[in-house]
Every structure is written in C-alpha cells, then in structure tokens.
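Visitor: For reference, this is run_8.txt, and it has compact mmCIF, C-alpha atoms and all ligand atoms.
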# COMPACT_ATOMS: atom_id res chain seq x y z
CA MET A 1 0.00 0.00 0.00
CA LYS A 2 1.41 3.41 -0.99
CA LYS A 3 1.29 6.26 1.47
CA GLU A 4 -1.60 8.64 0.67
CA ILE A 5 -0.90 12.37 0.32
CA GLY A 6 -3.81 14.80 0.46
CA ILE A 7 -3.95 17.71 -1.95
CA GLY A 8 -5.84 20.97 -1.69
CA LEU A 9 -6.36 22.76 -4.98
CA ALA A 10 -6.94 26.51 -4.62
CA GLY A 11 -8.40 27.70 -7.92
CA PHE A 12 -10.20 25.72 -10.62
CA GLY A 13 -9.71 27.98 -13.63
CA THR A 14 -7.81 27.03 -16.77
CA VAL A 15 -4.74 25.71 -14.95
CA GLY A 16 -6.45 24.38 -11.80
CA SER A 17 -8.98 22.34 -13.74
CA GLY A 18 -6.18 21.18 -16.06
CA VAL A 19 -4.19 19.90 -13.10
CA TYR A 20 -7.21 17.98 -11.84
CA LYS A 21 -7.98 16.56 -15.30
CA ASN A 22 -4.41 15.45 -15.93
CA LEU A 23 -3.97 14.07 -12.44
CA VAL A 24 -6.99 11.84 -13.10
CA ARG A 25 -5.74 11.00 -16.60
CA ASN A 26 -2.18 10.07 -15.62
CA GLY A 27 -2.80 9.23 -11.94
CA ALA A 28 -1.47 5.68 -12.07
CA LEU A 29 1.72 6.71 -13.85
CA ILE A 30 2.31 9.67 -11.55
CA GLU A 31 1.80 7.55 -8.42
CA GLU A 32 4.17 4.88 -9.66
CA ARG A 33 6.82 7.50 -10.29
CA ALA A 34 6.28 9.34 -7.02
CA GLY A 35 5.90 6.18 -4.94
CA VAL A 36 2.96 7.78 -3.13
CA CYS A 37 -0.74 8.03 -3.81
CA PHE A 38 -2.20 11.53 -4.35
CA ARG A 39 -5.79 12.32 -3.41
CA VAL A 40 -7.44 15.67 -4.09
CA ARG A 41 -9.40 16.32 -0.90
CA ARG A 42 -10.69 19.84 -1.50
CA ILE A 43 -10.92 22.37 -4.32
CA ALA A 44 -11.45 26.03 -3.43
CA VAL A 45 -13.41 28.16 -5.90
CA LYS A 46 -14.92 31.64 -5.69
CA ASP A 47 -18.40 30.61 -6.74
CA LEU A 48 -19.87 27.10 -6.50
CA ALA A 49 -22.43 27.90 -9.20
CA GLU A 50 -19.88 28.94 -11.82
CA PRO A 51 -19.82 26.51 -14.80
CA ARG A 52 -16.77 24.23 -14.82
CA ALA A 53 -14.90 23.04 -17.88
CA VAL A 54 -13.75 19.87 -16.10
CA GLU A 55 -15.92 17.51 -14.03
CA ALA A 56 -14.95 16.78 -10.42
CA PRO A 57 -17.02 15.37 -7.53
CA GLU A 58 -19.26 18.09 -6.12
CA GLU A 59 -18.35 17.30 -2.52
CA LEU A 60 -14.73 18.41 -3.12
CA PHE A 61 -15.67 22.05 -3.78
CA VAL A 62 -15.51 24.70 -1.07
CA THR A 63 -15.56 28.48 -1.25
CA ARG A 64 -13.27 29.23 1.72
CA PRO A 65 -9.66 28.54 0.68
CA ASP A 66 -8.56 28.28 4.33
CA GLU A 67 -10.50 25.02 4.58
CA LEU A 68 -7.57 23.56 2.62
CA ILE A 69 -5.13 24.76 5.24
CA GLU A 70 -7.30 23.64 8.14
CA ASP A 71 -7.74 20.10 6.76
CA PRO A 72 -5.16 17.92 8.58
CA GLY A 73 -5.42 15.39 5.75
CA ILE A 74 -4.01 17.91 3.23
CA GLN A 75 -0.22 18.03 3.04
CA ILE A 76 0.18 19.84 -0.28
CA VAL A 77 -1.61 23.04 -1.22
CA ILE A 78 -1.58 24.04 -4.88
CA GLU A 79 -2.19 27.77 -5.31
CA LEU A 80 -3.58 28.64 -8.74
CA MET A 81 -5.85 31.54 -7.86
CA GLY A 82 -4.05 34.47 -9.48
CA GLY A 83 -3.67 37.96 -8.04
CA ILE A 84 -1.07 38.93 -5.47
CA ASP A 85 -2.30 40.04 -2.05
CA PHE A 86 -4.78 37.26 -1.38
CA PRO A 87 -2.55 34.39 -2.57
CA LEU A 88 0.40 35.87 -0.65
CA ALA A 89 -1.56 35.86 2.61
CA PHE A 90 -2.93 32.40 1.79
CA ILE A 91 0.53 30.96 1.03
CA ARG A 92 1.93 32.49 4.23
CA ARG A 93 -0.81 30.78 6.25
CA ALA A 94 -0.28 27.48 4.42
CA ILE A 95 3.47 27.58 5.16
CA GLN A 96 2.82 28.54 8.80
CA ALA A 97 0.57 25.49 8.99
CA GLY A 98 3.40 23.30 7.66
CA LYS A 99 1.89 22.55 4.24
CA SER A 100 4.04 22.09 1.16
CA VAL A 101 3.09 24.72 -1.40
CA ILE A 102 3.00 24.65 -5.19
CA THR A 103 2.30 27.86 -7.08
CA ALA A 104 2.34 29.04 -10.68
CA ASN A 105 2.06 32.68 -9.60
CA LYS A 106 4.98 34.48 -11.27
CA ALA A 107 4.06 38.01 -10.21
CA LEU A 108 3.76 36.89 -6.60
CA LEU A 109 7.15 35.15 -6.59
CA ALA A 110 8.89 37.96 -8.45
CA GLU A 111 7.68 40.48 -5.90
CA HIS A 112 7.59 38.41 -2.70
CA GLY A 113 9.82 35.41 -3.40
CA ARG A 114 12.38 36.37 -0.77
CA GLU A 115 9.80 36.55 2.00
CA ILE A 116 8.03 33.35 0.93
CA PHE A 117 11.22 31.31 0.82
CA GLU A 118 12.55 32.71 4.09
CA LEU A 119 9.34 31.67 5.80
CA ALA A 120 9.40 28.27 4.08
CA LYS A 121 12.96 27.73 5.27
CA GLU A 122 12.07 28.68 8.82
CA LYS A 123 9.09 26.34 8.81
CA LYS A 124 11.04 23.62 6.93
CA VAL A 125 8.43 23.25 4.22
CA ALA A 126 8.88 23.05 0.46
CA VAL A 127 7.63 25.59 -2.08
CA PHE A 128 7.70 24.60 -5.75
CA PHE A 129 7.08 26.83 -8.77
CA GLU A 130 7.96 25.10 -12.04
CA ALA A 131 4.81 26.45 -13.74
CA ALA A 132 5.70 30.06 -12.93
CA VAL A 133 8.29 30.33 -15.71
CA ALA A 134 7.75 29.31 -19.34
CA GLY A 135 4.77 27.02 -18.70
CA GLY A 136 5.55 23.50 -19.84
CA ILE A 137 9.31 24.02 -20.31
CA PRO A 138 11.10 22.44 -17.32
CA ILE A 139 13.50 25.34 -16.92
CA ILE A 140 13.23 25.78 -13.15
CA LYS A 141 14.24 22.21 -12.50
CA ALA A 142 17.00 22.48 -15.09
CA VAL A 143 18.54 25.61 -13.57
CA ARG A 144 18.06 24.41 -10.00
CA GLU A 145 19.21 20.84 -10.45
CA SER A 146 20.63 19.95 -13.84
CA PHE A 147 23.01 22.94 -13.94
CA VAL A 148 23.92 22.82 -10.27
CA GLY A 149 27.58 22.28 -11.19
CA ASN A 150 27.75 25.40 -13.37
CA HIS A 151 28.18 29.11 -12.99
CA ILE A 152 25.38 30.39 -15.20
CA GLU A 153 27.02 32.81 -17.62
CA CYS A 154 23.84 34.00 -19.28
CA ILE A 155 20.23 33.15 -19.98
CA HIS A 156 18.29 34.51 -22.93
CA GLY A 157 14.59 33.78 -23.04
CA ILE A 158 11.44 34.34 -25.01
CA PHE A 159 9.04 34.19 -22.08
CA ASN A 160 5.84 35.74 -23.38
CA GLY A 161 3.92 33.84 -26.03
CA THR A 162 1.53 36.69 -26.75
CA SER A 163 4.30 39.17 -27.56
CA ASN A 164 6.09 36.54 -29.58
CA TYR A 165 2.92 35.83 -31.54
CA ILE A 166 2.42 39.55 -32.22
CA LEU A 167 6.03 40.06 -33.36
CA THR A 168 5.82 36.93 -35.52
CA ARG A 169 2.71 38.23 -37.29
CA MET A 170 4.30 41.67 -37.69
CA THR A 171 7.29 39.93 -39.28
CA ASP A 172 5.53 37.35 -41.45
CA ALA A 173 2.41 39.27 -42.50
CA GLY A 174 3.72 42.84 -42.20
CA LEU A 175 0.94 43.68 -39.70
CA ASP A 176 1.28 46.66 -37.43
CA PHE A 177 1.18 46.21 -33.66
CA SER A 178 -2.55 46.91 -33.08
CA PRO A 179 -4.02 44.50 -35.67
CA ALA A 180 -1.53 41.82 -34.58
CA LEU A 181 -2.62 42.29 -30.95
CA GLU A 182 -6.29 42.11 -31.97
CA GLU A 183 -5.56 38.85 -33.74
CA ALA A 184 -3.80 37.45 -30.64
CA GLN A 185 -6.81 38.42 -28.53
CA LYS A 186 -9.28 36.82 -30.95
CA LEU A 187 -7.28 33.59 -30.85
CA GLY A 188 -7.35 33.66 -27.03
CA TYR A 189 -3.57 34.06 -26.65
CA ALA A 190 -3.51 37.51 -25.10
CA GLU A 191 -5.15 38.07 -21.73
CA ALA A 192 -8.41 40.09 -21.75
CA ASP A 193 -6.22 42.88 -20.37
CA PRO A 194 -3.05 42.31 -22.39
CA ALA A 195 -1.09 45.05 -20.61
CA LEU A 196 1.37 42.76 -18.79
CA ASP A 197 1.87 40.68 -21.93
CA VAL A 198 2.83 43.56 -24.17
CA ASN A 199 4.48 45.92 -21.65
CA GLY A 200 7.14 43.33 -20.83
CA TRP A 201 6.21 42.71 -17.20
CA ASP A 202 4.87 39.17 -17.60
CA ALA A 203 8.24 38.21 -19.11
CA ALA A 204 10.05 40.29 -16.49
CA HIS A 205 8.39 38.41 -13.61
CA LYS A 206 9.63 35.16 -15.14
CA ALA A 207 13.11 36.60 -15.72
CA ILE A 208 13.32 37.79 -12.10
CA ILE A 209 12.47 34.31 -10.81
CA LEU A 210 14.96 32.60 -13.11
CA ALA A 211 17.73 35.13 -12.39
CA SER A 212 17.15 34.74 -8.65
CA LEU A 213 17.40 30.98 -8.95
CA ALA A 214 20.47 31.12 -11.18
CA TYR A 215 22.36 33.58 -8.96
CA GLY A 216 21.13 32.67 -5.49
CA PHE A 217 19.62 35.97 -4.34
CA TRP A 218 16.24 37.54 -4.92
CA VAL A 219 16.55 40.12 -7.66
CA ASP A 220 14.86 43.41 -6.82
CA PRO A 221 12.23 44.18 -9.53
CA ALA A 222 13.21 47.86 -9.26
CA LYS A 223 16.64 46.96 -10.66
CA VAL A 224 15.28 45.30 -13.77
CA HIS A 225 15.05 47.14 -17.07
CA VAL A 226 11.64 46.45 -18.63
CA GLU A 227 10.35 47.66 -21.99
CA GLY A 228 7.36 46.36 -23.94
CA ILE A 229 6.77 45.88 -27.62
CA GLU A 230 4.11 48.57 -28.02
CA ASN A 231 6.39 51.02 -29.83
CA VAL A 232 7.85 48.59 -32.34
CA THR A 233 6.41 49.20 -35.80
CA ALA A 234 6.19 46.99 -38.87
CA SER A 235 8.80 49.33 -40.40
CA ASP A 236 11.25 48.60 -37.57
CA ILE A 237 10.82 44.93 -38.25
CA ARG A 238 11.50 45.52 -41.96
CA PHE A 239 14.55 47.68 -41.27
CA ALA A 240 15.92 45.07 -38.87
CA ASP A 241 15.29 42.40 -41.49
CA GLU A 242 17.30 44.35 -44.08
CA LEU A 243 20.17 44.54 -41.61
CA GLY A 244 20.05 40.80 -40.89
CA TYR A 245 18.12 40.83 -37.61
CA ARG A 246 14.79 39.79 -36.09
CA ILE A 247 13.10 41.74 -33.32
CA LYS A 248 12.04 39.58 -30.37
CA LEU A 249 10.98 40.36 -26.80
CA ILE A 250 14.09 38.96 -25.17
CA ALA A 251 14.76 38.49 -21.47
CA THR A 252 18.51 38.83 -20.95
CA ILE A 253 20.01 37.62 -17.69
CA LYS A 254 23.76 37.72 -17.30
CA ALA A 255 26.58 38.02 -14.84
CA ASP A 256 29.48 40.39 -15.56
CA ASP A 257 33.12 39.77 -14.62
CA GLU A 258 32.59 41.33 -11.21
CA GLY A 259 29.61 39.09 -10.48
CA LYS A 260 27.05 41.86 -10.95
CA ILE A 261 23.82 40.64 -12.46
CA GLU A 262 21.96 42.26 -15.29
CA VAL A 263 18.29 41.50 -15.88
CA ARG A 264 16.63 43.15 -18.83
CA VAL A 265 13.44 42.53 -20.79
CA ALA A 266 13.15 44.51 -24.00
CA PRO A 267 12.34 44.21 -27.68
CA THR A 268 15.78 43.28 -28.94
CA LEU A 269 17.39 42.82 -32.34
CA ILE A 270 19.00 39.41 -32.60
CA PRO A 271 20.82 37.96 -35.62
CA LYS A 272 18.51 35.97 -37.91
CA SER A 273 20.97 33.11 -37.68
CA HIS A 274 20.53 32.75 -33.90
CA VAL A 275 18.27 29.90 -32.87
CA LEU A 276 15.98 32.20 -30.85
CA ALA A 277 15.18 34.08 -34.06
CA SER A 278 13.36 30.96 -35.30
CA VAL A 279 11.14 30.67 -32.24
CA ASN A 280 7.82 31.83 -33.62
CA GLY A 281 4.15 32.11 -32.73
CA VAL A 282 3.17 31.50 -29.12
CA PHE A 283 6.19 29.33 -28.38
CA ASN A 284 8.66 30.13 -25.62
CA ALA A 285 12.35 29.25 -25.59
CA VAL A 286 15.20 29.61 -23.13
CA ALA A 287 18.89 29.49 -23.98
CA VAL A 288 21.11 28.87 -20.95
CA ARG A 289 24.89 29.07 -21.08
CA GLY A 290 26.79 27.50 -18.20
CA ASP A 291 30.57 27.57 -17.74
CA VAL A 292 30.72 23.77 -17.74
CA VAL A 293 27.83 22.72 -19.96
CA GLY A 294 28.17 25.44 -22.62
CA GLU A 295 25.11 26.36 -24.67
CA THR A 296 21.75 24.68 -24.06
CA LEU A 297 18.32 25.37 -25.46
CA PHE A 298 14.80 24.64 -24.19
CA TYR A 299 11.72 25.09 -26.37
CA GLY A 300 8.02 24.58 -25.81
CA ARG A 301 4.68 26.06 -24.91
CA GLY A 302 4.83 28.71 -22.24
CA ALA A 303 1.12 28.85 -21.52
CA GLY A 304 -2.10 26.89 -21.90
CA GLN A 305 -3.95 24.39 -19.77
CA ASP A 306 -2.01 21.22 -20.50
CA PRO A 307 1.58 22.55 -20.72
CA THR A 308 1.13 24.49 -17.48
CA SER A 309 -0.48 21.55 -15.69
CA SER A 310 2.41 19.37 -16.81
CA ALA A 311 4.72 21.68 -14.82
CA VAL A 312 2.42 21.63 -11.78
CA LEU A 313 2.32 17.81 -11.87
CA CYS A 314 6.12 17.78 -11.89
CA ASP A 315 6.07 19.88 -8.73
CA LEU A 316 3.46 17.61 -7.22
CA VAL A 317 5.62 14.53 -7.67
CA GLU A 318 8.61 16.37 -6.25
CA ALA A 319 6.57 17.60 -3.29
CA GLY A 320 5.30 14.05 -2.72
CA ILE A 321 8.82 12.66 -2.76
CA ALA A 322 10.04 15.48 -0.49
CA LEU A 323 7.33 14.67 2.04
CA SER A 324 8.50 11.07 2.12
CA SER A 325 12.15 12.09 2.64
CA PRO A 326 12.34 15.61 4.13
CA LYS A 327 15.39 17.78 3.47
CA GLU A 328 16.45 21.10 4.99
CA SER A 329 15.20 23.23 2.11
CA HIS A 330 13.54 22.71 -1.23
CA GLY A 331 12.96 24.79 -4.27
CA PHE A 332 15.40 27.64 -3.71
CA ALA A 333 18.93 27.60 -2.38
CA ALA A 334 20.28 31.01 -1.38
CA HIS A 335 24.02 31.61 -1.47
CA ASP A 336 26.40 34.56 -1.27
CA LEU A 337 28.46 34.19 -4.43
CA TYR A 338 26.51 36.92 -6.14
CA GLY A 339 24.41 39.56 -4.51
CA ASP A 340 23.67 42.61 -6.55
CA CYS A 341 22.33 43.79 -9.85
CA LYS A 342 24.18 45.98 -12.26
CA PRO A 343 22.61 49.47 -12.61
CA VAL A 344 20.42 49.52 -15.71
CA ALA A 345 22.40 52.50 -17.07
CA ASP A 346 25.63 50.45 -17.08
CA SER A 347 24.31 47.63 -19.20
CA VAL A 348 26.34 47.55 -22.42
CA SER A 349 25.07 46.40 -25.80
CA LYS A 350 24.80 47.43 -29.41
CA PHE A 351 21.70 49.48 -30.21
CA TYR A 352 19.18 50.04 -32.98
CA LEU A 353 18.08 53.66 -33.26
CA ARG A 354 15.27 54.80 -35.53
CA LEU A 355 14.81 58.53 -36.04
CA GLY A 356 12.29 60.42 -38.14
CA VAL A 357 14.32 63.25 -39.70
CA GLU A 358 13.98 66.06 -42.23
CA ASP A 359 15.13 65.15 -45.71
CA ARG A 360 17.62 67.95 -46.36
CA PRO A 361 21.40 68.27 -46.78
CA GLY A 362 23.47 68.15 -43.61
CA VAL A 363 21.02 66.19 -41.46
CA LEU A 364 22.99 62.95 -41.50
CA ALA A 365 26.13 64.90 -40.60
CA GLN A 366 24.37 66.54 -37.65
CA ILE A 367 23.19 63.19 -36.29
CA ALA A 368 26.58 61.57 -36.79
CA GLY A 369 28.23 64.58 -35.16
CA ALA A 370 26.01 64.40 -32.07
CA LEU A 371 26.69 60.68 -31.70
CA GLY A 372 30.41 61.23 -32.20
CA ALA A 373 30.40 63.94 -29.52
CA ALA A 374 28.80 61.43 -27.16
CA ASP A 375 31.54 58.93 -28.05
CA ILE A 376 29.07 56.54 -29.66
CA GLY A 377 30.19 54.81 -32.83
CA ILE A 378 27.98 54.04 -35.81
CA LEU A 379 28.14 50.49 -37.15
CA SER A 380 25.72 50.88 -40.06
CA VAL A 381 23.03 53.19 -41.39
CA ILE A 382 20.03 52.78 -43.61
CA GLN A 383 17.86 55.57 -44.84
CA PRO A 384 14.96 54.28 -46.94
CA GLU A 385 13.69 56.83 -49.47
CA SER A 386 10.44 58.52 -48.54
CA HIS A 387 7.70 58.68 -51.14
CA THR A 388 5.28 60.64 -49.01
CA GLY A 389 7.16 63.93 -48.86
CA GLU A 390 7.10 63.81 -45.04
CA PHE A 391 10.13 63.27 -42.83
CA ILE A 392 12.15 60.16 -43.50
CA SER A 393 13.30 57.30 -41.32
CA LEU A 394 16.97 57.11 -40.47
CA VAL A 395 17.99 53.79 -38.95
CA LEU A 396 21.34 53.44 -37.24
CA ILE A 397 23.04 50.42 -35.72
CA LEU A 398 25.36 51.63 -32.98
CA HIS A 399 28.45 50.09 -31.47
CA ASP A 400 28.53 48.79 -27.90
CA ALA A 401 27.67 51.54 -25.44
CA PRO A 402 26.25 51.72 -21.92
CA TYR A 403 22.46 52.14 -21.93
CA GLY A 404 22.60 55.31 -19.79
CA LYS A 405 24.95 57.02 -22.22
CA MET A 406 22.86 55.88 -25.17
CA LEU A 407 19.68 57.22 -23.57
CA THR A 408 21.27 60.62 -22.97
CA ALA A 409 22.51 60.76 -26.56
CA THR A 410 19.03 59.79 -27.82
CA LYS A 411 17.50 62.64 -25.83
CA THR A 412 20.06 65.04 -27.32
CA LEU A 413 19.16 63.81 -30.81
CA ALA A 414 15.42 64.08 -30.10
CA ALA A 415 15.89 67.76 -29.25
CA LEU A 416 17.57 68.57 -32.59
CA PRO A 417 15.26 70.62 -34.86
CA CYS A 418 15.90 68.19 -37.74
CA VAL A 419 14.50 65.25 -35.73
CA LYS A 420 10.77 65.16 -36.27
CA SER A 421 9.45 62.10 -34.40
CA GLU A 422 10.04 60.33 -31.10
CA PRO A 423 13.18 58.17 -31.58
CA LEU A 424 12.93 54.43 -31.02
CA LEU A 425 15.93 52.91 -29.26
CA LEU A 426 16.18 49.10 -29.09
CA HIS A 427 18.79 46.87 -27.53
CA MET A 428 20.68 44.38 -29.67
CA GLU A 429 22.08 41.07 -28.53
CA THR A 430 24.80 39.35 -30.49
CA PHE A 431 25.27 36.49 -27.99
CA LEU A 432 29.05 36.81 -27.97
N1 LIG B 501 0.14 35.41 -21.04
C1 LIG B 501 1.37 34.73 -21.00
C2 LIG B 501 1.92 34.55 -22.42
C3 LIG B 501 1.30 33.39 -20.34
O1 LIG B 501 1.35 35.08 -23.37
O2 LIG B 501 2.95 33.90 -22.58
C4 LIG B 501 1.16 33.49 -18.86
O3 LIG B 501 2.30 34.06 -18.29
Can I see the file as structure tokens?
Ligand code: HSE

Guide:
Amino acid sequence: MKKEIGIGLAGFGTVGSGVYKNLVRNGALIEERAGVCFRVRRIAVKDLAEPRAVEAPEELFVTRPDELIEDPGIQIVIELMGGIDFPLAFIRRAIQAGKSVITANKALLAEHGREIFELAKEKKVAVFFEAAVAGGIPIIKAVRESFVGNHIECIHGIFNGTSNYILTRMTDAGLDFSPALEEAQKLGYAEADPALDVNGWDAAHKAIILASLAYGFWVDPAKVHVEGIENVTASDIRFADELGYRIKLIATIKADDEGKIEVRVAPTLIPKSHVLASVNGVFNAVAVRGDVVGETLFYGRGAGQDPTSSAVLCDLVEAGIALSSPKESHGFAAHDLYGDCKPVADSVSKFYLRLGVEDRPGVLAQIAGALGAADIGILSVIQPESHTGEFISLVLILHDAPYGKMLTATKTLAALPCVKSEPLLLHMETFL
C-alpha cells in the first residue's frame, strides 16, 4: 500500500482544472513515479455555481480557501488563484501550517519570493514553482538541479507567447502592432487585459524568478530594465530584417566579470541566424549558457492548460517525494556568491536607433556629429527613401555603449530641430 498524500487545490480555472484533469488521466503513472498516492481532498473556488470546464465530484468544492489549510489530511496546497495580495496571505498561512506549497504565480514570486522562501525555510516546508516560468518548459528544475555544477554565464529567453505571436505576425504578414494584438486576442492568446503581456512585465516576472534561482539571491524588480513591444512598428521589423536581424521580446540575464547581475526585458534585435530568431508564434524558448555545460536550449509552450499543468504535476511529484524524505530546504537555495544587480544604465550592448528626420542636406552629418560627440560609434546606417514627402526614417546600428549614455545621446538627438518624431531605441544582442 502506498502512502496517501492529500492535496488541496486553490483555484479551478484554466490551470487548476487542467491539473485535476491530468492528475486523473495520468494518476497511475504519476503515483508509480512518485511512490505515493495523491488524493485531491478539497478544491477552493470563488463561486460554487460557476460553470466548470472539467468535471470533479461536487463534494470536493468549497468556497473558503482556508479550509484547505485547516484540513489535517491535506499536506500539499496548490495555489492557482491568481492575483497577489490574497494568494500571498494564503501561502503564508499554508506555510505557517506546515503545508508544502506549489504555485504558478509568477508576479507573486517575483515580488515576494524572498519573504516566501525565508518563511518556508524557517518552517522547513517546500515551495515549488515550475509552472511560474515558461509554462511547460522544465526550466526551473534544469537551472536548479541539472546545472547545479555550473556558474550560469547567461540566460536569454522568449518568455511571453503573446508578444512573440504579435512580433511573428508583424514579421511574417507585415501587420502593425494593433491588428496583430487584436488577432492574438481573438485567438485567445492575449489576456483580456493584455497590458502585462505587451508591456514586458509578464516576461520580467519570469526573468526575475529565473535570475534569482540562477544567482542565489532575490533580484529586486526595481533593478530590472523592462520595456514592452508597443512602440515597435512593422517598419522597424522591416529595417531590422534588411540589416540581418529579427526583433524579439528577449529576457537577458547575465553576470558580468565582477559578479554583478543584469536582468533586462526589452524588444531586442537578434541575428537571424541565432536559434531564438526561429522561435515563432506562441512558443517560448530559453537558452542557458553555463561555464561547464556550454550552450543549451529549451523550447516549448509557455502557456495553456495542459503545458502548465504538466509543470504543476512535476512539482506535485517532487513535493510528494520530499514529504516522504524531508530535506532542509527545497525549491530555492540562497548563497552569497553573487548579490547585486548591475545598474540599468551600465548595461552595455549594441543598439538600434530609428529617427524620423527632415530630408535635407546636412542632417545625417548633424546626427553623426552628435553621436560622435557622445563617443558613440555608428556600425551601419540605412535611410529608406520617402515617397510621401514627409520626414524620413533614419535607422542606425550603434556600437557597444552603456544604456545610460545611449539614452542621454538619444534625448540630445530628439531635441535637434531636424529630428521630427520620437526616436525608437532598441537593444541588440549578439550572444558573444
Ligand atoms: N500570457 C502569458 C503569455 C502566459 O502570453 O505567454 C502566462 O504568463
């Protein structure tokens, strides 16, 4: 007879009901692998009358999530409610009560991970979060366990399927941002409120969690550079294409020689030949470079009911095994080898700069002069002819420079009388 472990499921939306469905579907396999028997004892929902996409016995449903914590037969609480304040208080109470916790809540971990894991350590309970980053891609387990013998040199990720879908459609069909977003919403990829998808913060929450795991300290969200894709136009994508690049919303996580950590999420030009440039549609991908392993690549679906439940089930098995053989800490191991983030202004890369300028003699010289005065070198320039008689686009690829210096130079350029539209400055990543 296998030991029985009671589960409390908080939330029965897309992911919660998917976890239940797949636990029923693959229950025998999962129990064989975990060596324990899982039983869902309670499911907390907001409204008992709300229609459910997945069938489950009526007697399991409750409306007070704390019933999960109060049930002595429940050892593992799975938090899939969404939001921040309520789940934070709920998880704190679950940990205080000695329950193992599984959550897919990226915003919660990015903002309160430190506190949650300190409490979990104190109470000697495990908190697992595989589903919080890149859905079905097992990147948390890989960074935490498979690369444990490596210094992580850098991680580059496409962490938001909606943005990636929009940029793919802008690239392949020449759509502008708004129609591409509308399409993503119609297909159910973008959230009803797509703000976090397109403003970069959904990807940033995931990057913060992964960076924290890779470098052993909780990265302060205030030290992360976050830009969305809202200002990228179909023309930028065409210009980048002409220059040999794709524009992707890339999360860049890297350690410099002094051990300072840079975390940045921004629409970024990457060479067409790089493998991340071929990651299209709603797919996510993560490239991890370790000092021992070298380059690795993970690819898969970063959202959706089944991929995300696959990650939660992985956590469930791990939590079940951990309950059978307790260790000091699970899920996050803090250490002091790293400990600070690099100021955003010091982050060095090449840049793409698009300016709308007057079409008259001397303009190019003025721009080049201002960049030269700021000690910023020009790598290449394109200036497509205008057929509308309005100002023309001037696209420059700029040599490596610190972001702060680049931003100041961009402001100087924006103030020149010959510059007629808000400049667009994008990071570039050459993966060297
Ligand atoms: N909305 C996200 C995406 C998935 O489009 O990738 C949840 O983080």

Visitor: Identify, on the basis of only C-alpha atoms, every residue whose closest approach to Arg41 of chain A does not exceed 10 Å; exclude the query and any residue fewer than 6 positions from it along the same chain; express the result as a ChimeraX atom specification.

Guide: /A:5-9,59-61,68,71,73-74

Visitor: Could you save those same residues with C-alpha atoms as an mmCIF file, keeping the file's coordinate frame?

Guide:
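Dumped everything to again_14.cif:
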data_model
loop_
_atom_site.group_PDB
_atom_site.id
_atom_site.type_symbol
_atom_site.label_atom_id
_atom_site.label_comp_id
_atom_site.auth_asym_id
_atom_site.auth_seq_id
_atom_site.Cartn_x
_atom_site.Cartn_y
_atom_site.Cartn_z
ATOM 1 C CA ILE A 5 -0.900 12.370 0.320
ATOM 2 C CA GLY A 6 -3.810 14.800 0.460
ATOM 3 C CA ILE A 7 -3.950 17.710 -1.950
ATOM 4 C CA GLY A 8 -5.840 20.970 -1.690
ATOM 5 C CA LEU A 9 -6.360 22.760 -4.980
ATOM 6 C CA GLU A 59 -18.350 17.300 -2.520
ATOM 7 C CA LEU A 60 -14.730 18.410 -3.120
ATOM 8 C CA PHE A 61 -15.670 22.050 -3.780
ATOM 9 C CA LEU A 68 -7.570 23.560 2.620
ATOM 10 C CA ASP A 71 -7.740 20.100 6.760
ATOM 11 C CA GLY A 73 -5.420 15.390 5.750
ATOM 12 C CA ILE A 74 -4.010 17.910 3.230
#

Visitor: Could I get the residue neighbourhood of ligand LIG 501 (chain B) at 8 Å, counting only C-alpha atoms and all ligand atoms, as an MDAnalysis selection string?

Guide: chainID A and resid 106 132:135 159:164 189:191 194 196:197 202:203 282 284 302:304

Visitor: Expressed in Å to a single decimal, how great is the separation between atom CA of Pro343 of chain A and atom CA of Cys154 of chain A?

Guide: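 Taking atom CA of Pro343 of chain A as the start and atom CA of Cys154 of chain A as the end point, the length is 16.9 Å.
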
Visitor: My list of candidates is A:Ser212, A:Arg246, A:Ala107, A:Ile95. Which is closest to Lys124 of chain A when distances are computed with all atoms listed in the file?

Guide: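 Checking each candidate against Lys124 of chain A, we get A:Ile95 as the closest.
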
Visitor: May I ask which of the residues A:Ser146, A:Ser310, A:Asn280, A:Asn199 is the closest one to Ala214 of chain A, counting only C-alpha atoms?

Guide: A:Ser146

Visitor: My list of candidates is A:Ala56, A:Ile247, A:Ala240, A:Ala414. Which is closest to Gly356 of chain A when distances are computed with all atoms listed in the file?

Guide: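 Using all atoms listed in the file, Gly356 of chain A sits closest to A:Ala414.
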
Visitor: Quote the spacing between atom CA of Gly228 of chain A and atom CA of Pro267 of chain A in Å to one decimal place.

Guide: 6.6 Å

Visitor: For each of A:Val224, A:Ala126, A:Ala415, A:Ala142, take the minimum atom-to-atom distance to Val344 of chain A, counting all atoms listed in the file, then give the residue where this is smallest.

Guide: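 Nearest to Val344 of chain A: A:Val224.
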
Visitor: Find the spatial neighbours of Asp85 of chain A, counting all atoms listed in the file, within a cut-off of 12 Å - ignore same-chain residues fewer than 5 positions away - and output them as a PDB file with C-alpha atoms, keeping the file's coordinate frame.

Guide:
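result-v1.pdb written:
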ATOM      1  CA  PHE A  90      -2.930  32.400   1.790  1.00  0.00           C
ATOM      2  CA  ILE A  91       0.530  30.960   1.030  1.00  0.00           C
ATOM      3  CA  ARG A  92       1.930  32.490   4.230  1.00  0.00           C
ATOM      4  CA  ASN A 105       2.060  32.680  -9.600  1.00  0.00           C
ATOM      5  CA  ALA A 107       4.060  38.010 -10.210  1.00  0.00           C
ATOM      6  CA  LEU A 108       3.760  36.890  -6.600  1.00  0.00           C
ATOM      7  CA  LEU A 109       7.150  35.150  -6.590  1.00  0.00           C
ATOM      8  CA  GLU A 111       7.680  40.480  -5.900  1.00  0.00           C
ATOM      9  CA  HIS A 112       7.590  38.410  -2.700  1.00  0.00           C
TER      10      HIS A 112
END

Visitor: Set the distance at 7 Å and use only C-alpha atoms: which residues neighbour Tyr403 of chain A once local chain neighbours fewer than 5 positions away are removed? I'd like the list as an MDAnalysis selection string.

Guide: chainID A and resid 345:348

Visitor: I'd like the contact shell of Lys123 of chain A - 9 Å cut-off, all atoms listed in the file, skipping same-chain residues fewer than 5 positions apart - returned as a ChimeraX atom specification.

Guide: /A:95-98,118

Visitor: Quick one, how far is atom CA of His335 of chain A from atom CA of Arg144 of chain A?

Guide: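 Between atom CA of His335 of chain A and atom CA of Arg144 of chain A the gap works out to 12.7 Å.
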
Visitor: Kindly indicate which residue among A:Val219, A:Leu355, A:Ile116, A:Ala207 lies nearest to Gly339 of chain A, using all atoms listed in the file for the distances.

Guide: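 Among the listed residues, A:Val219 lies closest to Gly339 of chain A.
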
Visitor: How big is the axis-aligned box around the listed atoms of segment 45-54 of chain A once 3 Å is added on each side, and where is its centre? Give both in Å to one decimal, as JSON.

Guide:
{"center_x": -17.9, "center_y": 25.8, "center_z": -11.8, "size_x": 15.0, "size_y": 17.8, "size_z": 18.2}

Visitor: Env of segment 311-326 of chain A: 6 Å cut, atoms = only C-alpha atoms, seq-sep filter 3 positions within chain, self excluded. Answer as a list in words.

Guide: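 My list of contacting residues is Ala34, Phe128, Glu130, Ala131, Gly136 and Thr308 of chain A.
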
Visitor: Between A:Val77, A:Val395, A:Leu407, A:Val36, which one has atoms that come closest to Ala104 of chain A, using all atoms listed in the file?

Guide: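 Among the listed residues, the smallest separation from Ala104 of chain A belongs to A:Val77.
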
Visitor: Could you tell me, as a PyMOL selection string, which residues have any atom at most 12 Å from (20.4, 34.3, -18.9), counting all atoms listed in the file?

Guide: chain A and resi 139+143+151-159+206-215+250-256+261-265+285-290+295-297+429+431
